[in-house]
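Source file query14.txt; content: compact mmCIF, C-alpha atoms and all ligand atoms.
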```txt
# COMPACT_ATOMS: atom_id res chain seq x y z
CA MET X 21 58.73 72.61 105.14
CA SER X 22 59.72 71.70 108.69
CA ASN X 23 57.69 72.98 111.63
CA ARG X 24 60.72 75.01 112.68
CA THR X 25 60.92 76.80 109.32
CA LYS X 26 57.19 77.41 109.41
CA ASP X 27 57.26 78.69 113.02
CA ILE X 28 60.19 81.05 112.42
CA THR X 29 58.73 82.38 109.16
CA LEU X 30 55.36 83.08 110.77
CA ASP X 31 57.08 84.86 113.66
CA ILE X 32 59.14 87.04 111.27
CA VAL X 33 55.99 88.00 109.37
CA GLU X 34 54.14 88.82 112.59
CA ALA X 35 57.11 90.86 113.92
CA VAL X 36 57.16 92.95 110.72
CA ARG X 37 53.38 93.42 110.86
CA ASP X 38 53.75 94.68 114.45
CA VAL X 39 56.28 97.29 113.30
CA LEU X 40 54.03 98.42 110.43
CA ARG X 41 51.08 98.82 112.80
CA ARG X 42 53.07 100.54 115.54
CA HIS X 43 54.40 103.16 113.12
CA GLU X 44 51.13 103.43 111.14
CA VAL X 45 53.11 102.93 107.94
CA THR X 46 51.40 104.44 104.91
CA PHE X 47 51.03 102.83 101.51
CA ASP X 48 53.60 105.24 100.03
CA GLU X 49 56.10 104.33 102.75
CA TYR X 50 55.40 100.64 102.22
CA ARG X 51 56.07 100.99 98.48
CA ALA X 52 59.26 103.00 99.11
CA GLY X 53 60.44 100.27 101.51
CA PHE X 54 60.04 97.41 99.13
CA GLN X 55 61.43 99.43 96.23
CA HIS X 56 64.57 99.93 98.31
CA LEU X 57 64.71 96.19 98.95
CA ALA X 58 64.31 95.54 95.21
CA LYS X 59 67.16 97.99 94.56
CA THR X 60 69.27 96.13 97.14
CA GLN X 61 68.50 92.86 95.37
CA GLY X 62 69.39 94.41 92.00
CA ALA X 63 72.75 95.55 93.38
CA GLY X 64 73.50 92.05 94.71
CA GLU X 65 73.59 93.42 98.27
CA ILE X 66 71.00 91.24 99.98
CA PRO X 67 73.77 89.17 101.68
CA LEU X 68 75.50 92.39 102.80
CA LEU X 69 72.26 93.87 104.14
CA ILE X 70 71.36 90.73 106.08
CA ASP X 71 74.89 90.32 107.46
CA VAL X 72 75.10 93.94 108.63
CA PHE X 73 72.00 93.60 110.79
CA PHE X 74 71.69 89.94 111.75
CA ASN X 75 74.98 88.03 111.56
CA SER X 76 76.00 89.21 115.03
CA THR X 77 72.73 87.91 116.48
CA ILE X 78 73.38 84.40 115.16
CA VAL X 79 76.86 84.62 116.71
CA GLU X 80 75.29 85.60 120.06
CA ILE X 81 73.03 82.54 119.90
CA GLU X 82 76.00 80.29 119.01
CA ASN X 83 78.00 81.71 121.90
CA GLU X 84 75.39 80.52 124.39
CA LYS X 85 76.64 77.01 123.56
CA ARG X 86 80.31 77.80 124.13
CA ARG X 87 82.18 77.41 127.42
CA GLY X 88 85.49 78.70 126.07
CA SER X 89 86.20 81.87 124.12
CA HIS X 90 83.28 83.46 122.36
CA ALA X 91 83.00 83.74 118.59
CA CYS X 92 82.62 86.97 116.60
CA ILE X 93 81.29 87.61 113.12
CA GLN X 94 83.44 86.20 110.35
CA GLY X 95 82.90 88.99 107.87
CA PRO X 96 83.13 88.60 104.10
CA TYR X 97 86.89 88.86 103.59
CA PHE X 98 88.23 85.45 104.59
CA VAL X 99 90.22 83.77 101.79
CA GLN X 100 90.87 80.03 101.64
CA ASN X 101 94.42 78.65 101.36
CA ALA X 102 96.32 81.57 102.86
CA PRO X 103 100.07 80.89 103.07
CA ASN X 104 101.65 79.26 106.13
CA VAL X 105 103.60 81.91 108.00
CA ALA X 106 106.17 81.78 110.77
CA GLU X 107 107.46 85.07 112.13
CA THR X 108 105.57 87.65 110.09
CA LEU X 109 102.70 88.14 107.70
CA ALA X 110 103.72 89.41 104.25
CA ILE X 111 103.85 93.24 104.28
CA ARG X 112 103.65 95.29 101.09
CA ASP X 113 106.79 97.33 100.39
CA GLN X 114 104.70 100.53 100.28
CA ASP X 115 103.44 99.85 103.86
CA ALA X 116 106.83 99.15 105.42
CA GLY X 117 106.85 102.44 107.36
CA HIS X 118 103.42 101.87 108.90
CA PRO X 119 103.13 101.27 112.70
CA LYS X 120 103.89 97.67 113.60
CA MET X 121 102.25 95.08 115.82
CA VAL X 122 103.03 91.67 117.20
CA MET X 123 100.20 89.15 117.59
CA ARG X 124 100.89 86.65 120.32
CA GLY X 125 99.15 84.49 122.88
CA LYS X 126 98.25 80.95 123.73
CA VAL X 127 95.62 78.46 122.62
CA THR X 128 94.35 76.20 125.38
CA GLY X 129 91.49 73.85 126.06
CA LEU X 130 88.84 74.31 128.75
CA ASN X 131 91.12 72.91 131.47
CA GLY X 132 94.01 75.15 130.50
CA GLN X 133 95.83 72.39 128.64
CA PRO X 134 97.93 73.77 125.77
CA VAL X 135 96.69 73.03 122.27
CA ALA X 136 99.78 72.28 120.18
CA GLY X 137 99.58 72.31 116.39
CA ALA X 138 96.45 74.47 116.25
CA VAL X 139 96.30 76.38 112.97
CA ILE X 140 95.26 80.02 113.33
CA ASP X 141 94.15 81.73 110.15
CA VAL X 142 94.70 85.45 110.70
CA TRP X 143 93.66 88.22 108.32
CA HIS X 144 93.39 92.00 108.60
CA ALA X 145 93.03 95.15 106.54
CA THR X 146 95.75 97.14 104.80
CA PRO X 147 96.63 100.63 106.10
CA ASP X 148 94.08 101.98 103.62
CA GLY X 149 91.30 99.72 104.84
CA LYS X 150 91.32 97.10 102.08
CA TYR X 151 91.69 93.31 102.11
CA SER X 152 94.17 91.43 99.95
CA GLY X 153 92.66 88.95 97.53
CA ILE X 154 89.42 90.97 97.63
CA HIS X 155 90.04 94.63 96.84
CA ASP X 156 92.06 96.60 94.30
CA ASN X 157 93.82 93.50 92.90
CA ILE X 158 96.02 93.31 96.02
CA PRO X 159 97.78 89.92 95.81
CA PRO X 160 96.23 87.56 98.37
CA GLN X 161 99.40 86.74 100.31
CA TYR X 162 99.48 90.11 102.13
CA TYR X 163 98.18 90.54 105.69
CA ARG X 164 96.83 87.01 105.94
CA GLY X 165 98.33 83.64 106.80
CA LYS X 166 98.19 80.46 108.84
CA ILE X 167 100.13 80.40 112.12
CA THR X 168 100.70 77.08 113.90
CA THR X 169 100.87 76.91 117.69
CA ALA X 170 103.99 75.50 119.38
CA ALA X 171 104.11 72.58 121.84
CA ASP X 172 103.05 74.89 124.70
CA GLY X 173 100.10 76.24 122.67
CA SER X 174 101.78 79.59 122.06
CA TYR X 175 101.88 81.58 118.84
CA GLU X 176 103.59 84.77 117.73
CA CYS X 177 103.57 86.62 114.43
CA ARG X 178 104.29 90.20 113.35
CA SER X 179 102.52 92.53 110.98
CA ILE X 180 101.51 96.17 110.68
CA LEU X 181 98.54 97.79 112.40
CA PRO X 182 95.20 97.53 110.60
CA VAL X 183 92.92 100.59 110.53
CA PRO X 184 89.16 101.23 110.79
CA TYR X 185 87.44 100.74 107.45
CA GLN X 186 84.08 101.25 105.81
CA ILE X 187 81.98 98.34 104.64
CA PRO X 188 80.81 98.75 101.01
CA ASN X 189 78.75 101.94 101.18
CA ALA X 190 78.28 103.07 97.59
CA GLY X 191 75.13 100.98 97.07
CA PRO X 192 71.66 100.72 98.63
CA THR X 193 72.97 99.23 101.91
CA GLY X 194 75.23 102.26 102.42
CA GLU X 195 72.35 104.55 101.46
CA LEU X 196 70.15 102.87 104.06
CA LEU X 197 72.79 103.16 106.80
CA GLU X 198 74.08 106.63 106.03
CA THR X 199 71.16 108.53 104.50
CA TYR X 200 68.00 106.96 105.89
CA MET X 201 69.30 105.76 109.27
CA GLN X 202 71.73 108.69 109.66
CA TRP X 203 74.32 106.25 110.87
CA HIS X 204 77.64 105.29 109.31
CA SER X 205 79.36 102.34 107.64
CA TRP X 206 82.58 102.14 109.68
CA ARG X 207 84.06 99.22 111.57
CA PRO X 208 86.77 99.67 114.24
CA ALA X 209 90.23 98.33 113.39
CA HIS X 210 90.43 94.61 114.12
CA ILE X 211 92.24 91.37 113.45
CA HIS X 212 90.29 88.29 112.32
CA TYR X 213 91.16 84.80 113.60
CA TRP X 214 89.86 81.37 112.63
CA ILE X 215 91.32 78.62 114.79
CA HIS X 216 91.25 74.97 113.79
CA ALA X 217 92.63 72.20 116.01
CA ASP X 218 92.19 68.43 116.10
CA GLY X 219 89.43 67.41 118.46
CA MET X 220 88.41 71.01 119.15
CA ARG X 221 85.57 73.15 117.97
CA ASP X 222 86.57 75.78 115.42
CA LEU X 223 86.62 79.34 116.73
CA ILE X 224 86.11 82.40 114.53
CA SER X 225 86.95 85.57 116.42
CA GLN X 226 88.22 89.14 116.21
CA ALA X 227 90.51 91.24 118.39
CA TYR X 228 90.08 95.00 118.77
CA PHE X 229 92.36 97.84 119.85
CA GLU X 230 91.36 99.51 123.11
CA GLY X 231 90.84 103.23 122.61
CA ASP X 232 90.30 102.87 118.86
CA GLN X 233 87.65 104.78 116.89
CA TYR X 234 84.25 103.10 116.42
CA ILE X 235 84.84 100.59 119.23
CA ASP X 236 81.47 101.44 120.76
CA ASP X 237 79.82 102.26 117.45
CA ASP X 238 80.60 99.37 115.09
CA CYS X 239 78.24 99.41 112.10
CA CYS X 240 78.28 95.59 112.10
CA ASN X 241 77.81 95.24 115.87
CA GLY X 242 80.90 93.02 115.85
CA GLY X 243 80.61 92.38 119.57
CA GLY X 244 84.27 91.68 120.22
CA SER X 245 84.58 93.03 123.74
CA GLU X 246 86.13 89.75 124.99
CA PHE X 247 89.25 90.57 123.01
CA MET X 248 89.57 94.31 123.54
CA VAL X 249 93.34 94.44 123.79
CA PRO X 250 94.85 97.17 126.02
CA GLU X 251 97.31 99.63 124.52
CA VAL X 252 100.68 98.03 125.31
CA TYR X 253 103.87 98.62 123.36
CA GLU X 254 107.28 96.95 123.18
CA GLY X 255 109.35 99.81 121.83
CA ASP X 256 107.24 101.10 118.96
CA VAL X 257 105.47 97.77 118.38
CA ARG X 258 101.85 97.41 119.58
CA VAL X 259 101.42 94.11 121.43
CA MET X 260 98.21 92.27 120.60
CA GLU X 261 98.18 89.48 123.16
CA VAL X 262 95.12 87.31 122.71
CA ASN X 263 94.61 83.96 124.43
CA PHE X 264 92.00 81.60 123.06
CA THR X 265 90.18 78.86 124.95
CA LEU X 266 88.72 76.21 122.69
CA ASP X 267 85.71 74.02 123.38
CA PRO X 268 86.15 70.34 122.62
CA ARG X 269 84.51 69.28 119.39
CA ALA X 270 82.29 66.78 121.21
CA GLU X 271 80.51 69.63 122.95
CA ALA X 272 79.76 71.49 119.75
CA GLY X 273 76.15 72.00 118.84
CA SER X 274 77.31 73.14 115.42
CA GLU X 275 80.68 73.51 113.77
CA LYS X 276 79.75 76.77 112.09
CA ALA X 277 80.69 79.61 114.39
CA ALA X 278 79.56 82.51 112.29
FE FE S 301 87.40 92.82 108.84
```
Represent the supplied structure as structure tokens.
Amino acid sequence: MSNRTKDITLDIVEAVRDVLRRHEVTFDEYRAGFQHLAKTQGAGEIPLLIDVFFNSTIVEIENEKRRGSHACIQGPYFVQNAPNVAETLAIRDQDAGHPKMVMRGKVTGLNGQPVAGAVIDVWHATPDGKYSGIHDNIPPQYYRGKITTAADGSYECRSILPVPYQIPNAGPTGELLETYMQWHSWRPAHIHYWIHADGMRDLISQAYFEGDQYIDDDCCNGGGSEFMVPEVYEGDVRVMEVNFTLDPRAEAGSEKAA
């Protein structure tokens, strides 16, 4: 075991002991706590539990090493090998009447130079808060795709508006959030981005809709205030203009953003 692993583990143990002492936790409460953890393990929700509370903190630490745009949590619903798209993401026939949006902006480097040929993986929820390729057997081509930036670094692609959604809340993690913490399991509506470009550090980010529900009360502490997009419309189409500044790869401390 490295010294770093040892040091961090000892600090975690001591931090938990401090909490137990401060709250004068009883033996019954202690047993109830670890029984809930065992239930979480039994339900296969340990990754969900850890991500809900701590993923955003790792992103914060990573962002200290970035000079360009900040990263956000990736979330669990990215799917590899999404289709290449040009003008629009694939929209299900049943969602055709849903409010529309256009995602556009520019990808540049730290000096403002355009990044041509950057590939932007975008993915977002359906109007009923699900992800294709993950939930309800929705075919994976919907509401996700790879957009490539033009020579001037610009990109533009259309889709429909995503909505706020609940993270899985039927199991012990939801019980912890909703019953024991008297909180909730909702995330504000958002668009996910993962930008890859030659010579640049990958960026995993999210954009949010100014004025949306749960913006200030995100159960995952998504921390996306850098890309809080104002409410602007072209006709009846919400404009989601998001410009990304990429760090060069050479400056990366790690290639894993979230
Ligand atoms: Fe999401």
Quiz item: Skipping near chain neighbours, those fewer than 2 positions away, what residues fall within 8 Å of range 133-147 of chain X using only C-alpha atoms, listed as a PyMOL selection string?
Solution: chain X and resi 98+102+115+118+126-131+149-152+163-174+181-183+185+210-218
Practice problem: Within 12 Å of Lys59 in chain X, counting only C-alpha atoms, which residues show up once you throw out same-chain ones fewer than 2 positions away? Write them as a list in words, please. | Solution: Ala52, Gly53, Phe54, Gln55, His56, Leu57, Gln61, Gly62, Ala63, Gly64, Glu65, Ile66, Leu69, Gly191, Pro192, Thr193, Glu195 and Leu196 of chain X
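Proximity ranking of X:Gly95, X:Pro159, X:Pro67, X:Pro184 relative to Asp232 in chain X places X:Pro184 first, based on all atoms listed in the file.
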Practice problem: Considering all atoms listed in the file, state which residue in the set X:Leu197, X:Val122, X:Val79, X:Ile180 is at the smallest distance from Glu254 in chain X. | Solution: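 Nearest candidate to Glu254 in chain X out of X:Leu197, X:Val122, X:Val79, X:Ile180: X:Val122.
Considering all atoms listed in the file, the residue among X:Val257, X:Ile154, X:Ala116, X:Cys177 positioned nearest to ligand FE 301 (chain S) is X:Ile154.
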